[in-house]
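J.: Dropping a structure here in structure tokens format, bear with me for questions.
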Amino acid sequence: MIVCKFGGTSVQDAEAMERVAAIVKQRIDQRPAVVASAMGKTTNGLLNAASLAADGKRQEALEVLSALKHHHLSEARKLGLAVPGDEVHETVTSHFKEMANIVRGLATLGELTPRSMDAMASYGERLSTLILCHCLTSRGIPAELKDARQFIITDDNFTRAAPLFDLTDSAIREHILPDINAGKVPVIQGFVGSTRKGITSTIGRGGSDYTAAIVGAALEAYDIQIWTDVDGIMTADPRVVPEARRVRVISFDEAAELAYFGARVLHPATILPAVRRKIPVHVLNSFKPDLEGTLITAEALPCANPVKSIACKKGITIVNIASTRMLMAHGFLRVIFEIFDRFRVPVDVVSTSEVSVSLTVDDTSSLWDIVTELKKVGEVSVEGGKAIVCCVGDNLRNTSGVLHLLASAVRDVNVLMISQGASAINVTFVIDEDQLGRCLRYLHDVFFQEVDPSIFD
Ligand code: ASP
């Protein structure tokens, strides 16, 4: 069996859902299970409605919901569904009634908890899969709507809940295998789960890829297909580097590095359940279903180029901490990282000298609290408007002279931090955000002047 996951743009409207039906139909002999995201930007809309309500803007929140309801019903109608009285119409209507009740509750309380955010956000996937399932059925595909909350069992860290694999894996098999064995196509909400007590949770923004990998791993699928709106993993962002090429094959480790550093294609955690079972993951474009996409494999294949892809992340802030007390002392780094840990802020790049530490964060929501704490340890300065550039390639570990190539490529770009060796397959550095475009184009020219045709398109 295979898992086909369709992202937000792949199910954004009636036309997109028709494309999904054609893709699933073509793969029916491979016994697909379908996982879908919410339609288009629905999740953002729902969370926006929730926060407007909690801010006392009840009417505005209800208007956001009403626009979303209109979109869902009108797209469903274009598919020949959602005629008053039919199941799609009734269920969509009742879901929006429930959401309006939540909005009223939030407006009364004036408070938005992670748990209420999850309750609200879950409707996005519940609506999209309802419509998609009926669309598939009406196009002759024996689809069966499943409720992910019955088998994606998570802890209660709402908005970023972690699946409890000992419960989840067996529950997936119990709920999904009978359908697959009966020749049906299960249609499953990505992103959504529930706690052991049955309270709706979500597994983090962009989490539908993760759901696909969890389901694929539990069912021992032989392929996981992530259908998106891009041609696959590219050598660089084609909006910045027009000459960017498609990477045909990439290893899990390389893809994970790229995902951490901003490649928009995959949720990094997607990688883990699939890696454990060595299940290949294909990244494909639902707008161009005949394109080969990118295959992500357990092991890297031999490649003549040292770098496979250059990722980047904007909106980075550097935090510098300097203290003469650090000289010859121990435990200094622990104190610093504990502060970031306390505020649950991830740190990306770190570089240290005898008396100072520089590190980067992209979440600045608690930055001033963090800085207040750090000031008890040393002198602190903060520099915003930075970007991380990350060159990834399995071959980097065997290639000498990479730093020389890199340095020549970024000749007139001011490199503020550099990290090499923490992972053998990436070299990461931090620059001013306004130099990013130029820097990426330079690097691309150097590393992809000639490409290995077995790996690049
Ligand atoms: N709909 C969710 C989000 O927008 C999950 C996903 O699309 O993967 O984050």
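Ordering of the structure tokens sets the chain letters (A, B, ...), residue numbers begin anew at 1 in every chain, and ligands are numbered from 1 in the order given.
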DSSP on the backbone, then: every residue of range 95-181 of chain A marked strand (DSSP E), written as a ChimeraX atom specification.
T.: /A:143-145,153-154
J.: Which residues form the shell of 9 Å around ligand 1 when you count only C-alpha atoms and all ligand atoms, given as an MDAnalysis selection string?
T.: chainID A and resid 6:9 36:44 121:122 124:125 190:192 202:211 267
J.: Just to be explicit: take each residue in the selection above, keep N, CA, C and O atoms, and write the result as a compact mmCIF listing (two decimals), in the first residue's frame.
T.:
# COMPACT_ATOMS: atom_id res chain seq x y z
N PHE A 6 -2.00 15.12 0.55
CA PHE A 6 -2.24 16.31 -0.27
C PHE A 6 -2.23 17.55 0.63
O PHE A 6 -3.01 17.64 1.58
N GLY A 7 -1.36 18.49 0.31
CA GLY A 7 -1.22 19.71 1.11
C GLY A 7 -2.33 20.71 0.80
O GLY A 7 -3.16 20.48 -0.09
N GLY A 8 -2.32 21.83 1.54
CA GLY A 8 -3.38 22.83 1.44
C GLY A 8 -3.68 23.30 0.02
O GLY A 8 -4.85 23.35 -0.38
N THR A 9 -2.64 23.61 -0.76
CA THR A 9 -2.91 24.11 -2.11
C THR A 9 -3.40 22.98 -3.02
O THR A 9 -4.10 23.24 -4.00
N ALA A 36 -5.06 14.40 4.08
CA ALA A 36 -5.21 15.74 3.49
C ALA A 36 -5.09 16.83 4.54
O ALA A 36 -5.46 16.67 5.71
N SER A 37 -4.56 17.97 4.07
CA SER A 37 -4.51 19.20 4.86
C SER A 37 -5.85 19.92 4.74
O SER A 37 -6.70 19.54 3.93
N ALA A 38 -5.97 21.02 5.46
CA ALA A 38 -7.13 21.90 5.30
C ALA A 38 -7.05 22.60 3.95
O ALA A 38 -5.97 22.74 3.38
N MET A 39 -8.19 23.05 3.43
CA MET A 39 -8.21 23.70 2.11
C MET A 39 -7.48 25.05 2.17
O MET A 39 -7.81 25.91 2.99
N GLY A 40 -6.50 25.22 1.27
CA GLY A 40 -5.78 26.50 1.16
C GLY A 40 -5.28 26.99 2.50
O GLY A 40 -4.59 26.28 3.22
N LYS A 41 -5.67 28.22 2.82
CA LYS A 41 -5.17 28.84 4.06
C LYS A 41 -6.20 28.78 5.19
O LYS A 41 -6.25 29.66 6.07
N THR A 42 -7.05 27.76 5.15
CA THR A 42 -8.12 27.67 6.15
C THR A 42 -7.61 27.70 7.59
O THR A 42 -8.20 28.37 8.45
N THR A 43 -6.50 26.97 7.86
CA THR A 43 -6.02 26.91 9.25
C THR A 43 -5.70 28.32 9.77
O THR A 43 -6.08 28.67 10.89
N ASN A 44 -5.02 29.11 8.94
CA ASN A 44 -4.72 30.49 9.34
C ASN A 44 -6.01 31.24 9.65
O ASN A 44 -6.11 31.97 10.63
N ALA A 121 -8.74 24.74 15.15
CA ALA A 121 -7.95 24.42 13.94
C ALA A 121 -8.34 23.07 13.36
O ALA A 121 -8.27 22.87 12.14
N SER A 122 -8.78 22.15 14.20
CA SER A 122 -9.08 20.80 13.70
C SER A 122 -10.19 20.80 12.65
O SER A 122 -10.27 19.91 11.81
N GLY A 124 -10.52 22.60 10.12
CA GLY A 124 -10.00 22.79 8.76
C GLY A 124 -9.85 21.45 8.05
O GLY A 124 -10.38 21.24 6.95
N GLU A 125 -9.15 20.51 8.68
CA GLU A 125 -8.92 19.21 8.07
C GLU A 125 -10.20 18.37 8.08
O GLU A 125 -10.43 17.56 7.19
N GLY A 190 -4.94 15.14 8.09
CA GLY A 190 -3.60 15.38 8.58
C GLY A 190 -3.68 16.27 9.81
O GLY A 190 -4.75 16.81 10.13
N PHE A 191 -2.56 16.39 10.57
CA PHE A 191 -2.42 17.46 11.57
C PHE A 191 -3.22 17.23 12.86
O PHE A 191 -2.84 17.69 13.91
N VAL A 192 -4.34 16.50 12.76
CA VAL A 192 -5.27 16.41 13.89
C VAL A 192 -5.06 15.10 14.64
O VAL A 192 -4.77 14.07 14.05
N THR A 202 -3.59 19.02 18.07
CA THR A 202 -2.93 19.06 16.76
C THR A 202 -1.43 18.88 16.98
O THR A 202 -0.91 19.16 18.06
N ILE A 203 -0.76 18.41 15.92
CA ILE A 203 0.64 17.98 16.11
C ILE A 203 1.65 19.00 15.57
O ILE A 203 2.78 18.65 15.29
N GLY A 204 1.23 20.26 15.46
CA GLY A 204 2.15 21.32 15.02
C GLY A 204 1.83 21.77 13.61
O GLY A 204 1.44 20.95 12.78
N ARG A 205 2.02 23.08 13.36
CA ARG A 205 1.71 23.63 12.04
C ARG A 205 2.47 22.86 10.97
O ARG A 205 3.62 22.48 11.16
N GLY A 206 1.82 22.64 9.85
CA GLY A 206 2.44 21.88 8.77
C GLY A 206 2.50 20.38 9.07
O GLY A 206 3.19 19.63 8.40
N GLY A 207 1.76 19.96 10.09
CA GLY A 207 1.89 18.58 10.59
C GLY A 207 1.27 17.48 9.75
O GLY A 207 1.40 16.30 10.07
N SER A 208 0.61 17.84 8.65
CA SER A 208 -0.02 16.78 7.85
C SER A 208 1.01 15.83 7.23
O SER A 208 0.73 14.64 7.05
N ASP A 209 2.17 16.36 6.89
CA ASP A 209 3.24 15.48 6.38
C ASP A 209 3.60 14.44 7.45
O ASP A 209 3.83 13.27 7.15
N TYR A 210 3.64 14.92 8.67
CA TYR A 210 3.97 14.04 9.79
C TYR A 210 2.91 12.93 9.91
O TYR A 210 3.23 11.76 10.04
N THR A 211 1.65 13.34 9.82
CA THR A 211 0.57 12.34 9.88
C THR A 211 0.78 11.29 8.79
O THR A 211 0.66 10.09 9.03
N HIS A 267 7.97 18.99 6.34
CA HIS A 267 8.05 19.16 7.78
C HIS A 267 9.18 18.23 8.26
O HIS A 267 9.15 17.04 7.97
J.: Considering only C-alpha atoms, can you say which of A:Met117, A:Ile233, A:Cys312, A:Ala76 comes closest to His282 in chain A?
T.: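 Of A:Met117, A:Ile233, A:Cys312, A:Ala76, the one nearest His282 in chain A, counting only C-alpha atoms, is A:Ile233.
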J.: Excluding same-chain residues fewer than 3 positions from Val345 in chain A, what lies within 8 Å of it counting only C-alpha atoms, as a PyMOL selection string?
T.: chain A and resi 340-342+361+363+366
J.: Output C-alpha atoms for every residue in that selection, as a PDB file, in the first residue's frame.
T.:
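Saved to part_34.pdb:
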ATOM      1  CA  PHE A 340      16.495  29.489  26.232  1.00  0.00           C
ATOM      2  CA  ASP A 341      15.057  26.163  27.312  1.00  0.00           C
ATOM      3  CA  ARG A 342      12.981  27.776  30.054  1.00  0.00           C
ATOM      4  CA  VAL A 361      16.924  32.378  17.083  1.00  0.00           C
ATOM      5  CA  ASP A 363      11.323  33.089  17.453  1.00  0.00           C
ATOM      6  CA  SER A 366      10.129  35.956  24.433  1.00  0.00           C
TER       7      SER A 366
END
J.: Set the distance at 10 Å and use only C-alpha atoms: which residues neighbour Ser116 in chain A once local chain neighbours fewer than 2 positions away are removed? I'd like the list as a PyMOL selection string.
T.: chain A and resi 47+50+102-103+105-106+111-114+118-122+158-159+200-201
J.: Could you save the residues just selected, with N, CA, C and O atoms, as a PDB file, in the first residue's frame?
T.:
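Ended up saving to selection-v1.pdb:
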ATOM      1  N   LEU A  47      -7.574  30.096  12.981  1.00  0.00           N
ATOM      2  CA  LEU A  47      -6.831  30.578  14.160  1.00  0.00           C
ATOM      3  C   LEU A  47      -6.981  32.089  14.317  1.00  0.00           C
ATOM      4  O   LEU A  47      -7.040  32.609  15.424  1.00  0.00           O
ATOM      5  N   ALA A  50     -10.270  32.702  15.923  1.00  0.00           N
ATOM      6  CA  ALA A  50     -10.197  32.420  17.362  1.00  0.00           C
ATOM      7  C   ALA A  50      -9.528  33.571  18.105  1.00  0.00           C
ATOM      8  O   ALA A  50     -10.001  33.999  19.162  1.00  0.00           O
ATOM      9  N   ILE A 102     -17.902  28.205  19.529  1.00  0.00           N
ATOM     10  CA  ILE A 102     -16.579  28.358  20.154  1.00  0.00           C
ATOM     11  C   ILE A 102     -16.192  29.836  20.164  1.00  0.00           C
ATOM     12  O   ILE A 102     -15.731  30.380  21.168  1.00  0.00           O
ATOM     13  N   VAL A 103     -16.402  30.498  19.014  1.00  0.00           N
ATOM     14  CA  VAL A 103     -16.059  31.930  18.905  1.00  0.00           C
ATOM     15  C   VAL A 103     -16.804  32.740  19.975  1.00  0.00           C
ATOM     16  O   VAL A 103     -16.211  33.591  20.649  1.00  0.00           O
ATOM     17  N   GLY A 105     -17.911  31.669  22.822  1.00  0.00           N
ATOM     18  CA  GLY A 105     -17.318  31.307  24.119  1.00  0.00           C
ATOM     19  C   GLY A 105     -16.013  32.052  24.348  1.00  0.00           C
ATOM     20  O   GLY A 105     -15.779  32.611  25.424  1.00  0.00           O
ATOM     21  N   LEU A 106     -15.187  32.081  23.308  1.00  0.00           N
ATOM     22  CA  LEU A 106     -13.876  32.753  23.439  1.00  0.00           C
ATOM     23  C   LEU A 106     -14.066  34.239  23.679  1.00  0.00           C
ATOM     24  O   LEU A 106     -13.350  34.857  24.478  1.00  0.00           O
ATOM     25  N   GLU A 111     -10.224  34.874  26.322  1.00  0.00           N
ATOM     26  CA  GLU A 111      -8.992  34.108  26.548  1.00  0.00           C
ATOM     27  C   GLU A 111      -8.905  33.002  25.502  1.00  0.00           C
ATOM     28  O   GLU A 111      -9.907  32.381  25.155  1.00  0.00           O
ATOM     29  N   LEU A 112      -7.674  32.790  25.013  1.00  0.00           N
ATOM     30  CA  LEU A 112      -7.491  31.736  24.005  1.00  0.00           C
ATOM     31  C   LEU A 112      -6.415  30.771  24.492  1.00  0.00           C
ATOM     32  O   LEU A 112      -5.244  31.131  24.592  1.00  0.00           O
ATOM     33  N   THR A 113      -6.806  29.564  24.821  1.00  0.00           N
ATOM     34  CA  THR A 113      -5.825  28.581  25.301  1.00  0.00           C
ATOM     35  C   THR A 113      -5.369  27.715  24.127  1.00  0.00           C
ATOM     36  O   THR A 113      -6.075  27.604  23.117  1.00  0.00           O
ATOM     37  N   PRO A 114      -4.179  27.086  24.233  1.00  0.00           N
ATOM     38  CA  PRO A 114      -3.744  26.179  23.179  1.00  0.00           C
ATOM     39  C   PRO A 114      -4.790  25.093  22.890  1.00  0.00           C
ATOM     40  O   PRO A 114      -5.003  24.704  21.753  1.00  0.00           O
ATOM     41  N   ASP A 118      -6.564  24.323  19.227  1.00  0.00           N
ATOM     42  CA  ASP A 118      -6.611  23.030  18.552  1.00  0.00           C
ATOM     43  C   ASP A 118      -8.033  22.624  18.177  1.00  0.00           C
ATOM     44  O   ASP A 118      -8.276  22.108  17.086  1.00  0.00           O
ATOM     45  N   ALA A 119      -8.954  22.903  19.114  1.00  0.00           N
ATOM     46  CA  ALA A 119     -10.352  22.558  18.831  1.00  0.00           C
ATOM     47  C   ALA A 119     -10.782  23.274  17.559  1.00  0.00           C
ATOM     48  O   ALA A 119     -11.383  22.693  16.656  1.00  0.00           O
ATOM     49  N   MET A 120     -10.411  24.548  17.468  1.00  0.00           N
ATOM     50  CA  MET A 120     -10.793  25.363  16.319  1.00  0.00           C
ATOM     51  C   MET A 120     -10.069  24.899  15.046  1.00  0.00           C
ATOM     52  O   MET A 120     -10.689  24.668  14.014  1.00  0.00           O
ATOM     53  N   ALA A 121      -8.737  24.741  15.146  1.00  0.00           N
ATOM     54  CA  ALA A 121      -7.946  24.419  13.945  1.00  0.00           C
ATOM     55  C   ALA A 121      -8.339  23.067  13.357  1.00  0.00           C
ATOM     56  O   ALA A 121      -8.274  22.872  12.142  1.00  0.00           O
ATOM     57  N   SER A 122      -8.777  22.149  14.200  1.00  0.00           N
ATOM     58  CA  SER A 122      -9.075  20.797  13.700  1.00  0.00           C
ATOM     59  C   SER A 122     -10.191  20.801  12.655  1.00  0.00           C
ATOM     60  O   SER A 122     -10.266  19.912  11.811  1.00  0.00           O
ATOM     61  N   PHE A 158      -0.944  20.772  23.761  1.00  0.00           N
ATOM     62  CA  PHE A 158      -1.788  21.264  22.674  1.00  0.00           C
ATOM     63  C   PHE A 158      -1.040  22.238  21.765  1.00  0.00           C
ATOM     64  O   PHE A 158      -0.167  22.964  22.220  1.00  0.00           O
ATOM     65  N   THR A 159      -1.387  22.231  20.515  1.00  0.00           N
ATOM     66  CA  THR A 159      -0.805  22.957  19.375  1.00  0.00           C
ATOM     67  C   THR A 159       0.526  22.352  18.888  1.00  0.00           C
ATOM     68  O   THR A 159       0.941  22.645  17.775  1.00  0.00           O
ATOM     69  N   THR A 200      -9.480  16.902  21.467  1.00  0.00           N
ATOM     70  CA  THR A 200      -8.857  17.175  20.170  1.00  0.00           C
ATOM     71  C   THR A 200      -7.534  17.924  20.336  1.00  0.00           C
ATOM     72  O   THR A 200      -7.453  18.910  21.065  1.00  0.00           O
ATOM     73  N   SER A 201      -6.509  17.439  19.625  1.00  0.00           N
ATOM     74  CA  SER A 201      -5.187  18.091  19.676  1.00  0.00           C
ATOM     75  C   SER A 201      -4.683  18.253  18.247  1.00  0.00           C
ATOM     76  O   SER A 201      -5.264  17.687  17.321  1.00  0.00           O
TER      77      SER A 201
END
J.: Enumerate, as a VMD selection string, the complete set of residues in range 169-357 of chain A that a backbone-based DSSP assignment places in alpha helix (DSSP H).
T.: chain A and resid 169 to 181 208 to 218 252 to 260 271 to 276 332 to 342
J.: Please indicate the distance in Å from CA of Val34 in chain A to CA of Val88 in chain A, rounded to one decimal place.
T.: 18.5 Å
J.: Kindly indicate which residue among A:Arg115, A:Arg397, A:His89, A:Arg173 lies nearest to Val427 in chain A, using only C-alpha atoms for the distances.
T.: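 Among A:Arg115, A:Arg397, A:His89, A:Arg173, it is A:Arg397 that comes nearest to Val427 in chain A.
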J.: Using only C-alpha atoms, which of A:Val92, A:Pro453, A:Ile23, A:Ala49 sits nearest Arg245 in chain A?
T.: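 When distances to Arg245 in chain A are compared using only C-alpha atoms, the smallest one comes from A:Pro453.
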J.: Of the candidates A:Pro238, A:Gly45, A:Gly315, A:Gly198, which shows the shortest atom-to-atom distance to Thr154 in chain A, using only C-alpha atoms?
T.: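 Using only C-alpha atoms, Thr154 in chain A sits closest to A:Gly198.
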J.: What's around Leu295 in chain A at 12 Å? Count only C-alpha atoms, leave out sequence neighbours fewer than 5 positions away in its own chain, and write the answer as a PyMOL selection string.
T.: chain A and resi 223-226+231-234+246-252+254-255+279-284+300-301+455-456
J.: From the list A:Ile318, A:Met17, A:Met1, A:Val240, which residue is nearest Leu177 in chain A when using only C-alpha atoms?
T.: A:Met1
J.: Which residue, A:Ala148, A:Ile172, A:Val187, A:Leu359, has the smallest gap to Ala217 in chain A when you use only C-alpha atoms?
T.: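 Closest residue, counting only C-alpha atoms: A:Ile172.
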J.: Leaving out Phe448 in chain A and any residue of its chain fewer than 6 positions from it, which residues lie within 12 Å of it when counting only C-alpha atoms, given as a list in words?
T.: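 Everything that qualifies: Met234, Thr235, Ala236, Val241, Glu243, Ala244, Arg245, Arg246, Val247, Ala304, Asn305, Pro306, Val307, Lys308, Ser309, Ile310, Cys391, Leu405, Ala409, Leu440, Arg441, Tyr442, Ile455, Phe456 and Asp457 of chain A.
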J.: Grab the CA of Ile131 in chain A to CA of Arg58 in chain A distance for me, in Å with one decimal place.
T.: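 CA of Arg58 in chain A lies at a distance of 27.5 Å from CA of Ile131 in chain A.
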J.: Env of Ile321 in chain A: 7 Å cut, atoms = only C-alpha atoms, seq-sep filter 6 positions within chain, self excluded. Answer as number ranges by chain.
T.: A: 356-358, 378-381
J.: Would you mind exporting N, CA and C atoms of the selected residues as a CSV table (one decimal), in the first residue's frame?
T.:
chain,number,residue,atom,x,y,z
A,356,SER,N,32.9,34.5,24.8
A,356,SER,CA,31.6,34.9,24.3
A,356,SER,C,30.9,33.7,23.5
A,357,VAL,N,29.6,33.9,23.4
A,357,VAL,CA,28.8,32.9,22.7
A,357,VAL,C,27.9,33.8,21.8
A,358,SER,N,27.8,33.3,20.5
A,358,SER,CA,26.8,34.0,19.7
A,358,SER,C,25.8,32.8,19.3
A,378,GLY,N,26.1,37.9,31.6
A,378,GLY,CA,27.2,38.6,30.9
A,378,GLY,C,26.6,39.8,30.1
A,379,GLU,N,27.4,40.4,29.3
A,379,GLU,CA,26.9,41.5,28.5
A,379,GLU,C,26.2,40.9,27.3
A,380,VAL,N,25.1,41.5,26.9
A,380,VAL,CA,24.2,40.9,25.9
A,380,VAL,C,24.0,42.0,24.8
A,381,SER,N,24.1,41.5,23.5
A,381,SER,CA,23.7,42.4,22.4
A,381,SER,C,22.9,41.6,21.4
J.: What is the distance, in Å and to one decimal place, between CA of Cys439 in chain A and CA of Leu266 in chain A?
T.: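 Separation of CA of Cys439 in chain A and CA of Leu266 in chain A: 23.5 Å.
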